[in-house]
Amino acid sequence: MVRGMYDYDSRYMLLASYRRDGSSRLAPGHKWIDYAAFSGGWNIARENFMENTGEWLDELKLRAGWGVTSNQAVRPYATQGRLGIRPYNFGSQMSTGYYVSETPNKDLG
């Protein structure tokens, strides 16, 4: 993980971060994911035109950001699919059959 921050005159702020993470729960070829994030901020309260607001406003910032995120709630073996069990009549006897209840997802990243 790498993170860099820049602050100019306590008014303008930039932040960039990068992380590379892996999970054995994901499909082969998709086990590693890159996460990048960027943001910029402006501390309006530090501007000259905000000098007279000190009595009722001491902090005001605008911030915008963008980043990559993911969901870590992937069940183990979710990339391999699943079979479900269903009973059915086979003549006069009950038998057990299998059906595809979840198709494999080889692109799960």
# chains A, B, ... in the order shown; residues from 1 in each chain; ligands from 1
>>> closest_atom_pairs(of="stretch 4-48 of chain A", to="stretch 56-67 of chain A", cutoff="12 Å", atoms="only C-alpha atoms", output="JSON lines")
{"residue": "A:Ser10", "atom": "CA", "partner": "A:Lys61", "partner_atom": "CA", "distance": 10.8}
{"residue": "A:Arg11", "atom": "CA", "partner": "A:Lys61", "partner_atom": "CA", "distance": 8.8}
{"residue": "A:Tyr12", "atom": "CA", "partner": "A:Lys61", "partner_atom": "CA", "distance": 9.6}
{"residue": "A:Met13", "atom": "CA", "partner": "A:Arg63", "partner_atom": "CA", "distance": 8.7}
{"residue": "A:Leu14", "atom": "CA", "partner": "A:Arg63", "partner_atom": "CA", "distance": 9.5}
{"residue": "A:Leu15", "atom": "CA", "partner": "A:Gly65", "partner_atom": "CA", "distance": 8.9}
{"residue": "A:Ala16", "atom": "CA", "partner": "A:Gly67", "partner_atom": "CA", "distance": 9.5}
{"residue": "A:Ser17", "atom": "CA", "partner": "A:Gly67", "partner_atom": "CA", "distance": 8.9}
{"residue": "A:Tyr18", "atom": "CA", "partner": "A:Gly67", "partner_atom": "CA", "distance": 9.5}
{"residue": "A:Arg19", "atom": "CA", "partner": "A:Gly67", "partner_atom": "CA", "distance": 10.9}
{"residue": "A:Asp34", "atom": "CA", "partner": "A:Gly67", "partner_atom": "CA", "distance": 10.6}
{"residue": "A:Tyr35", "atom": "CA", "partner": "A:Gly67", "partner_atom": "CA", "distance": 7.2}
{"residue": "A:Ala36", "atom": "CA", "partner": "A:Gly67", "partner_atom": "CA", "distance": 5.6}
{"residue": "A:Ala37", "atom": "CA", "partner": "A:Gly67", "partner_atom": "CA", "distance": 3.9}
{"residue": "A:Phe38", "atom": "CA", "partner": "A:Trp66", "partner_atom": "CA", "distance": 5.4}
{"residue": "A:Ser39", "atom": "CA", "partner": "A:Gly65", "partner_atom": "CA", "distance": 3.9}
{"residue": "A:Gly40", "atom": "CA", "partner": "A:Ala64", "partner_atom": "CA", "distance": 5.6}
{"residue": "A:Gly41", "atom": "CA", "partner": "A:Arg63", "partner_atom": "CA", "distance": 4.2}
{"residue": "A:Trp42", "atom": "CA", "partner": "A:Leu62", "partner_atom": "CA", "distance": 5.3}
{"residue": "A:Asn43", "atom": "CA", "partner": "A:Lys61", "partner_atom": "CA", "distance": 4.4}
{"residue": "A:Ile44", "atom": "CA", "partner": "A:Leu60", "partner_atom": "CA", "distance": 5.6}
{"residue": "A:Ala45", "atom": "CA", "partner": "A:Leu60", "partner_atom": "CA", "distance": 5.1}
{"residue": "A:Arg46", "atom": "CA", "partner": "A:Glu59", "partner_atom": "CA", "distance": 8.2}
{"residue": "A:Glu47", "atom": "CA", "partner": "A:Leu60", "partner_atom": "CA", "distance": 10.2}
>>> residues_around(residues="A:His30", least_positions_apart="2", cutoff="7 Å", atoms="only C-alpha atoms", output="ChimeraX atom specification")
/A:26-28,32,107-109
>>> closest_residue(among="A:Ile85, A:Tyr6, A:Phe49, A:Ala78", to="A:Asn105", atoms="only C-alpha atoms")
A:Ala78
>>> select_by_dssp(residues="stretch 4-103 of chain A", states="strand (DSSP E or B)", output="ChimeraX atom specification")
/A:4-8,12-22,32-43,61-67,82-90,93-102
>>> closest_residue(among="A:Ser23, A:Arg3, A:Gly29, A:Tyr99", to="A:Pro87", atoms="only C-alpha atoms")
A:Tyr99
>>> decode(residues="stretch 72-85 of chain A", atoms="all heavy atoms", output="CSV table (one decimal), in the first residue's frame")
chain,number,residue,atom,x,y,z
A,72,GLN,N,-15.9,-8.0,-0.4
A,72,GLN,CA,-15.2,-9.1,0.1
A,72,GLN,C,-16.0,-10.3,0.6
A,72,GLN,O,-15.6,-11.3,1.1
A,72,GLN,CB,-14.3,-8.7,1.3
A,72,GLN,CG,-15.0,-8.2,2.5
A,72,GLN,CD,-14.1,-7.8,3.6
A,72,GLN,OE1,-12.9,-7.7,3.4
A,72,GLN,NE2,-14.6,-7.5,4.7
A,73,ALA,N,-17.3,-10.2,0.4
A,73,ALA,CA,-18.3,-11.2,0.8
A,73,ALA,C,-18.5,-12.3,-0.2
A,73,ALA,O,-19.6,-12.6,-0.6
A,73,ALA,CB,-19.6,-10.5,1.2
A,74,VAL,N,-17.4,-12.8,-0.7
A,74,VAL,CA,-17.5,-13.9,-1.7
A,74,VAL,C,-17.3,-15.2,-1.0
A,74,VAL,O,-16.4,-15.4,-0.2
A,74,VAL,CB,-16.4,-13.7,-2.8
A,74,VAL,CG1,-16.4,-14.9,-3.8
A,74,VAL,CG2,-16.5,-12.4,-3.5
A,75,ARG,N,-18.3,-16.1,-1.1
A,75,ARG,CA,-18.2,-17.4,-0.5
A,75,ARG,C,-17.0,-18.2,-1.0
A,75,ARG,O,-16.7,-18.1,-2.2
A,75,ARG,CB,-19.5,-18.2,-0.7
A,75,ARG,CG,-20.7,-17.7,0.0
A,75,ARG,CD,-21.9,-18.6,-0.2
A,75,ARG,NE,-21.8,-19.5,-1.4
A,75,ARG,CZ,-22.3,-19.2,-2.6
A,75,ARG,NH1,-22.8,-18.0,-2.8
A,75,ARG,NH2,-22.2,-20.0,-3.6
A,76,PRO,N,-16.4,-19.0,-0.2
A,76,PRO,CA,-15.4,-19.9,-0.7
A,76,PRO,C,-16.0,-20.8,-1.8
A,76,PRO,O,-17.1,-21.3,-1.7
A,76,PRO,CB,-15.0,-20.7,0.5
A,76,PRO,CG,-15.3,-19.9,1.7
A,76,PRO,CD,-16.6,-19.1,1.3
A,77,TYR,N,-15.2,-21.1,-2.8
A,77,TYR,CA,-15.6,-22.0,-3.9
A,77,TYR,C,-16.8,-21.4,-4.8
A,77,TYR,O,-17.4,-22.2,-5.5
A,77,TYR,CB,-15.9,-23.4,-3.5
A,77,TYR,CG,-14.9,-24.0,-2.6
A,77,TYR,CD1,-15.1,-24.1,-1.2
A,77,TYR,CD2,-13.6,-24.3,-3.1
A,77,TYR,CE1,-14.1,-24.6,-0.4
A,77,TYR,CE2,-12.6,-24.8,-2.2
A,77,TYR,CZ,-12.9,-24.9,-0.9
A,77,TYR,OH,-11.9,-25.4,-0.1
A,78,ALA,N,-17.1,-20.1,-4.7
A,78,ALA,CA,-18.2,-19.6,-5.5
A,78,ALA,C,-17.9,-19.6,-6.9
A,78,ALA,O,-18.8,-19.5,-7.8
A,78,ALA,CB,-18.5,-18.1,-5.0
A,79,THR,N,-16.6,-19.6,-7.3
A,79,THR,CA,-16.2,-19.7,-8.7
A,79,THR,C,-16.5,-21.0,-9.4
A,79,THR,O,-16.4,-21.1,-10.6
A,79,THR,CB,-14.7,-19.3,-8.9
A,79,THR,OG1,-13.9,-20.2,-8.2
A,79,THR,CG2,-14.5,-17.9,-8.3
A,80,GLN,N,-16.7,-22.0,-8.6
A,80,GLN,CA,-16.8,-23.4,-9.1
A,80,GLN,C,-18.3,-23.8,-9.4
A,80,GLN,O,-18.5,-24.9,-9.9
A,80,GLN,CB,-16.2,-24.4,-8.1
A,80,GLN,CG,-14.7,-24.1,-8.0
A,80,GLN,CD,-14.0,-25.1,-7.0
A,80,GLN,OE1,-14.7,-25.9,-6.4
A,80,GLN,NE2,-12.7,-24.9,-6.9
A,81,GLY,N,-19.2,-23.1,-8.9
A,81,GLY,CA,-20.6,-23.4,-9.1
A,81,GLY,C,-21.1,-24.4,-8.0
A,81,GLY,O,-20.3,-24.8,-7.2
A,82,ARG,N,-22.4,-24.7,-8.1
A,82,ARG,CA,-22.9,-25.6,-7.1
A,82,ARG,C,-24.0,-26.6,-7.7
A,82,ARG,O,-24.6,-26.2,-8.7
A,82,ARG,CB,-23.7,-24.8,-6.0
A,82,ARG,CG,-22.8,-24.0,-5.2
A,82,ARG,CD,-23.6,-23.3,-4.1
A,82,ARG,NE,-22.8,-23.4,-2.9
A,82,ARG,CZ,-23.2,-23.0,-1.7
A,82,ARG,NH1,-24.4,-22.5,-1.6
A,82,ARG,NH2,-22.5,-23.1,-0.7
A,83,LEU,N,-24.1,-27.7,-7.0
A,83,LEU,CA,-25.2,-28.6,-7.4
A,83,LEU,C,-26.2,-28.6,-6.3
A,83,LEU,O,-25.8,-28.6,-5.1
A,83,LEU,CB,-24.7,-30.0,-7.6
A,83,LEU,CG,-23.8,-30.2,-8.8
A,83,LEU,CD1,-23.3,-31.7,-8.8
A,83,LEU,CD2,-24.6,-29.9,-10.1
A,84,GLY,N,-27.5,-28.6,-6.6
A,84,GLY,CA,-28.5,-28.7,-5.6
A,84,GLY,C,-29.1,-30.2,-5.6
A,84,GLY,O,-29.0,-30.9,-6.6
A,85,ILE,N,-29.7,-30.5,-4.5
A,85,ILE,CA,-30.3,-31.9,-4.4
A,85,ILE,C,-31.8,-31.7,-4.5
A,85,ILE,O,-32.4,-30.8,-3.8
A,85,ILE,CB,-29.9,-32.5,-3.1
A,85,ILE,CG1,-28.4,-32.7,-3.1
A,85,ILE,CG2,-30.6,-33.9,-2.9
A,85,ILE,CD1,-27.8,-33.2,-1.7
